[in-house]
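**Student:** coords12.csv is reproduced in full below (CSV, C-alpha atoms and all ligand atoms).
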```csv
chain,number,residue,atom,x,y,z
W,56,MET,CA,0.0,0.0,0.0
W,57,ARG,CA,1.7,3.1,-1.2
W,58,LEU,CA,1.1,6.5,0.5
W,59,GLU,CA,-0.1,9.4,-1.6
W,60,ARG,CA,3.0,11.1,-3.1
W,61,GLY,CA,2.6,14.4,-1.2
W,62,LEU,CA,2.1,12.8,2.2
W,63,ARG,CA,5.0,10.4,1.6
W,64,TRP,CA,7.4,13.2,0.7
W,65,SER,CA,6.2,15.3,3.7
W,66,ILE,CA,7.0,12.4,6.0
W,67,TYR,CA,10.4,11.9,4.4
W,68,THR,CA,11.2,15.6,4.8
W,69,ILE,CA,9.9,15.8,8.4
W,70,VAL,CA,11.8,12.7,9.5
W,71,ALA,CA,15.0,14.0,7.8
W,72,ALA,CA,14.5,17.4,9.6
W,73,LEU,CA,14.0,15.6,13.0
W,74,PHE,CA,17.0,13.5,12.5
W,75,ALA,CA,19.3,16.3,11.3
W,76,THR,CA,18.3,18.8,13.9
W,77,GLY,CA,18.4,16.2,16.7
W,78,VAL,CA,21.8,14.9,15.8
W,79,ALA,CA,23.2,18.5,15.1
W,80,TRP,CA,22.0,19.7,18.5
W,81,TRP,CA,23.7,16.7,20.1
W,82,VAL,CA,27.0,17.0,18.1
W,83,LEU,CA,27.2,20.8,18.9
W,84,ASP,CA,27.4,19.9,22.6
W,85,GLU,CA,30.1,22.5,23.2
W,86,GLY,CA,29.0,24.8,20.4
W,87,PRO,CA,27.3,28.2,20.5
W,88,SER,CA,24.2,28.2,22.6
W,89,THR,CA,22.2,30.4,20.1
W,90,ALA,CA,22.8,27.8,17.3
W,91,ARG,CA,21.6,25.0,19.7
W,92,LEU,CA,18.6,27.0,20.6
W,93,TYR,CA,17.5,27.4,17.0
W,94,LEU,CA,18.3,23.7,16.3
W,95,ILE,CA,16.1,22.5,19.2
W,96,ALA,CA,13.3,24.9,18.3
W,97,ALA,CA,13.4,23.6,14.7
W,98,HIS,CA,13.4,20.1,16.1
W,99,GLY,CA,10.3,20.9,18.3
W,100,LEU,CA,8.6,22.3,15.2
W,101,ALA,CA,9.4,19.2,13.2
W,102,ALA,CA,8.2,17.0,16.1
W,103,MET,CA,4.8,18.8,15.9
W,104,ALA,CA,4.6,18.3,12.1
W,105,PHE,CA,5.5,14.6,12.7
W,106,LEU,CA,2.6,14.1,15.0
W,107,VAL,CA,0.2,15.6,12.5
W,108,ALA,CA,1.6,13.4,9.7
W,109,LEU,CA,1.5,10.3,12.0
W,110,GLY,CA,-2.2,11.1,12.7
W,111,ALA,CA,-2.8,11.4,9.0
W,112,ILE,CA,-1.4,8.0,8.2
W,113,LEU,CA,-2.9,6.2,11.3
W,114,VAL,CA,-6.5,6.9,10.2
W,115,GLY,CA,-6.2,5.5,6.7
W,116,HIS,CA,-2.9,3.8,5.8
W,117,VAL,CA,-2.2,2.0,9.0
W,118,ARG,CA,-5.8,0.9,9.7
W,119,GLU,CA,-6.2,-0.4,6.1
W,120,GLY,CA,-2.8,-2.0,6.0
W,121,TRP,CA,-3.5,-3.8,9.3
W,122,ARG,CA,-6.9,-5.0,8.1
W,123,ARG,CA,-5.4,-6.4,4.8
W,124,ARG,CA,-2.5,-7.9,6.8
W,125,LEU,CA,0.1,-6.0,4.9
W,126,ASN,CA,3.6,-5.3,6.3
W,127,ARG,CA,2.5,-5.9,9.8
W,128,ALA,CA,6.0,-6.6,11.2
W,129,SER,CA,7.7,-3.5,9.7
W,130,GLY,CA,4.7,-1.3,10.4
W,131,THR,CA,4.7,-2.4,14.1
W,132,LEU,CA,8.4,-1.8,14.3
W,133,ALA,CA,8.1,1.7,12.8
W,134,LEU,CA,5.2,2.6,15.1
W,135,THR,CA,7.1,1.2,18.1
W,136,ILE,CA,10.1,3.4,17.3
W,137,ALA,CA,7.9,6.4,16.8
W,138,GLY,CA,6.1,5.7,20.1
W,139,LEU,CA,9.4,5.4,22.0
W,140,LEU,CA,10.7,8.7,20.6
W,141,ILE,CA,7.5,10.4,21.5
W,142,LEU,CA,7.5,9.0,25.0
W,143,THR,CA,11.1,10.0,25.6
W,144,ALA,CA,10.4,13.5,24.3
W,145,PHE,CA,7.6,13.7,26.8
W,146,GLY,CA,10.1,12.5,29.4
W,147,LEU,CA,12.4,15.4,28.6
W,148,TYR,CA,9.6,17.8,29.7
W,149,TYR,CA,8.0,16.1,32.6
W,150,VAL,CA,9.7,13.1,33.9
W,151,CYS,CA,13.0,14.8,34.8
W,152,GLU,CA,11.2,17.7,36.6
W,153,ALA,CA,8.4,15.9,38.3
W,154,TRP,CA,10.4,12.9,39.5
W,155,HIS,CA,13.9,14.4,39.5
W,156,PRO,CA,14.9,13.0,42.9
W,157,LEU,CA,13.9,9.5,41.8
W,158,PHE,CA,16.2,9.6,38.8
W,159,THR,CA,19.2,11.4,40.3
W,160,SER,CA,21.6,10.3,43.0
W,161,SER,CA,22.5,13.0,45.4
W,162,SER,CA,26.2,12.1,45.6
W,163,ALA,CA,27.4,10.8,42.3
W,164,SER,CA,25.8,12.1,39.2
W,165,PRO,CA,26.7,10.0,36.2
W,166,GLY,CA,23.3,8.6,37.2
W,167,ARG,CA,21.5,11.6,35.7
W,168,SER,CA,19.9,9.5,33.1
W,169,CYS,CA,16.1,9.7,33.3
W,170,LEU,CA,15.0,7.3,30.6
W,171,PRO,CA,17.0,5.0,28.3
W,172,LEU,CA,16.9,7.5,25.5
W,173,THR,CA,16.9,10.8,27.4
W,174,SER,CA,19.0,12.5,29.9
W,175,CYS,CA,18.5,15.6,32.0
W,176,SER,CA,20.8,18.1,33.4
W,177,ASP,CA,20.6,19.2,37.0
W,178,ASP,CA,18.2,22.0,36.0
W,179,ALA,CA,16.2,20.2,33.4
W,180,HIS,CA,15.2,23.3,31.5
W,181,ASP,CA,18.6,24.8,31.1
W,182,CYS,CA,19.2,28.1,29.2
W,183,GLY,CA,21.2,26.5,26.5
W,184,ARG,CA,18.1,24.7,25.2
W,185,ARG,CA,15.4,27.3,25.3
W,186,PRO,CA,14.8,30.8,26.5
W,187,CYS,CA,14.1,30.8,30.3
W,201,LIG,C1,14.5,11.1,14.2
W,201,LIG,C2,15.2,10.8,15.2
W,201,LIG,C3,15.3,11.8,16.4
W,201,LIG,C4,16.5,12.2,16.9
W,201,LIG,C5,17.9,11.8,16.4
W,201,LIG,C6,16.2,13.1,18.0
W,201,LIG,C7,17.1,13.7,18.8
W,201,LIG,C8,16.8,14.5,19.9
W,201,LIG,C9,17.8,15.1,20.8
W,201,LIG,C10,19.3,14.9,20.7
W,201,LIG,C11,17.1,15.9,21.6
W,201,LIG,C12,17.7,16.7,22.8
W,201,LIG,C13,17.7,15.8,24.0
W,201,LIG,C14,18.0,16.5,25.3
W,201,LIG,O1,17.6,17.7,25.5
W,201,LIG,O2,18.7,15.9,26.2
W,201,LIG,C15,15.7,15.8,21.3
W,201,LIG,C16,14.7,16.5,21.9
W,201,LIG,C17,13.4,16.5,21.6
W,201,LIG,N1,12.8,15.6,20.7
W,201,LIG,FE1,13.8,14.4,19.4
W,201,LIG,N2,14.8,13.2,18.1
W,201,LIG,C18,14.3,12.4,17.2
W,201,LIG,C19,12.9,12.2,17.0
W,201,LIG,C20,11.9,12.8,17.7
W,201,LIG,C21,10.5,12.6,17.5
W,201,LIG,C22,9.9,11.5,16.6
W,201,LIG,C23,9.8,13.4,18.3
W,201,LIG,C24,8.3,13.6,18.6
W,201,LIG,C25,7.4,13.5,17.7
W,201,LIG,C26,10.8,14.2,19.0
W,201,LIG,C27,10.5,15.2,19.9
W,201,LIG,C28,11.5,15.9,20.7
W,201,LIG,C29,11.2,16.9,21.6
W,201,LIG,C30,9.8,17.5,21.9
W,201,LIG,C31,12.4,17.3,22.2
W,201,LIG,C32,12.6,18.4,23.3
W,201,LIG,C33,12.7,19.7,22.6
W,201,LIG,C34,13.1,20.8,23.6
W,201,LIG,O3,14.0,20.6,24.4
W,201,LIG,O4,12.5,21.9,23.5
W,201,LIG,N3,12.1,13.8,18.6
W,201,LIG,N4,15.6,15.0,20.2
```
I'd like the structure from this file rewritten - as structure tokens, please.
Ligand code: HEM
**Tutor:**
Amino acid sequence: MRLERGLRWSIYTIVAALFATGVAWWVLDEGPSTARLYLIAAHGLAAMAFLVALGAILVGHVREGWRRRLNRASGTLALTIAGLLILTAFGLYYVCEAWHPLFTSSSASPGRSCLPLTSCSDDAHDCGRRPC
């Protein structure tokens, strides 16, 4: 089942933008904070577009493909990866702040990792990532 051309290319573009901005933000760890701020803002914008695109394919493409038993394994894998990325993005906002003491050790802090795919600094919303 092939997606309509416009939607397919929108998804390719959005996923490429998510990947590029996420990796660039990460690689520029010691880089200028303004550049990182724009990168993470672009990443957040792409994430919103991704959720819209995901909704668009869920109602037709995914439901129909599942009903016709097409590509169930790869579809499940793709949705699982998307779900994990969405959950860990949620974690960046709320898990670190709300349950910070549960995920940090008071003495040693290599244990600052909150979830397998996310990490938080001691002040979860630090100024290098977004205006405070
Ligand atoms: C395509 C692969 C992706 C890569 C490589 C990636 C990478 C990253 C990285 C490195 C960060 C910063 C982590 C930190 O602050 O410690 C981040 C933040 C974030 N990601 Fe992703 N990500 C990807 C996909 C997604 C998806 C699919 C979503 C949601 C639809 C998403 C939503 C977010 C959000 C909301 C943030 C927080 C932005 C902020 O701090 O303002 N990402 N991502």
**Student:** Under the rule that all atoms listed in the file are counted, which of W:Tyr93, W:Phe105, W:Trp121, W:Tyr67 is the nearest residue to ligand LIG 201 (chain W)?
**Tutor:**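 Checking each candidate against ligand LIG 201 (chain W), we get W:Phe105 as the closest.
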**Student:** Need to verify the contact set: Leu62 of chain W, 12 Å, all atoms listed in the file, exclusion of same-chain residues closer than 3 positions in sequence. Can you return it as a list of chain:residue names?
**Tutor:**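 The contact residues come out as W:Arg57, W:Leu58, W:Glu59, W:Ser65, W:Ile66, W:Tyr67, W:Thr68, W:Ile69, W:Ala104, W:Phe105, W:Val107, W:Ala108, W:Leu109, W:Gly110, W:Ala111, W:Ile112, W:Gly115, W:His116.
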**Student:** To one decimal place in Å, what is the distance between atom N3 of ligand LIG 201 (chain W) and atom CA of Arg122 of chain W?
**Tutor:**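 Calculated distance between atom N3 of ligand LIG 201 (chain W) and atom CA of Arg122 of chain W is 28.7 Å.
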**Student:** Return as a compact mmCIF listing (two decimals) with C-alpha atoms, in the coordinates of the input the residues of protein, DNA or RNA that approach ligand LIG 201 (chain W) to within 8 Å, with only C-alpha atoms and all ligand atoms taken into account.
**Tutor:**
```txt
# COMPACT_ATOMS: atom_id res chain seq x y z
CA VAL W 70 11.80 12.70 9.50
CA ALA W 71 15.00 14.00 7.80
CA ALA W 72 14.50 17.40 9.60
CA LEU W 73 14.00 15.60 13.00
CA PHE W 74 17.00 13.50 12.50
CA ALA W 75 19.30 16.30 11.30
CA THR W 76 18.30 18.80 13.90
CA GLY W 77 18.40 16.20 16.70
CA VAL W 78 21.80 14.90 15.80
CA ALA W 79 23.20 18.50 15.10
CA TRP W 80 22.00 19.70 18.50
CA TRP W 81 23.70 16.70 20.10
CA ILE W 95 16.10 22.50 19.20
CA ALA W 96 13.30 24.90 18.30
CA HIS W 98 13.40 20.10 16.10
CA GLY W 99 10.30 20.90 18.30
CA ALA W 101 9.40 19.20 13.20
CA ALA W 102 8.20 17.00 16.10
CA MET W 103 4.80 18.80 15.90
CA ALA W 104 4.60 18.30 12.10
CA PHE W 105 5.50 14.60 12.70
CA LEU W 106 2.60 14.10 15.00
CA ALA W 137 7.90 6.40 16.80
CA GLY W 138 6.10 5.70 20.10
CA LEU W 140 10.70 8.70 20.60
CA ILE W 141 7.50 10.40 21.50
CA LEU W 142 7.50 9.00 25.00
CA THR W 143 11.10 10.00 25.60
CA ALA W 144 10.40 13.50 24.30
CA PHE W 145 7.60 13.70 26.80
CA LEU W 147 12.40 15.40 28.60
CA TYR W 148 9.60 17.80 29.70
CA THR W 173 16.90 10.80 27.40
CA SER W 174 19.00 12.50 29.90
CA CYS W 175 18.50 15.60 32.00
CA SER W 176 20.80 18.10 33.40
CA HIS W 180 15.20 23.30 31.50
CA ARG W 184 18.10 24.70 25.20
CA ARG W 185 15.40 27.30 25.30
```
**Student:** What is the atom CA of Met56 of chain W-atom CA of Asn126 of chain W distance in Å, reported with one decimal?
**Tutor:** 9.0 Å
**Student:** Find the distance between atom CA of Thr131 of chain W and atom CA of Val117 of chain W and write it in Å to one decimal.
**Tutor:**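 Interatomic distance, atom CA of Thr131 of chain W to atom CA of Val117 of chain W: 9.6 Å.
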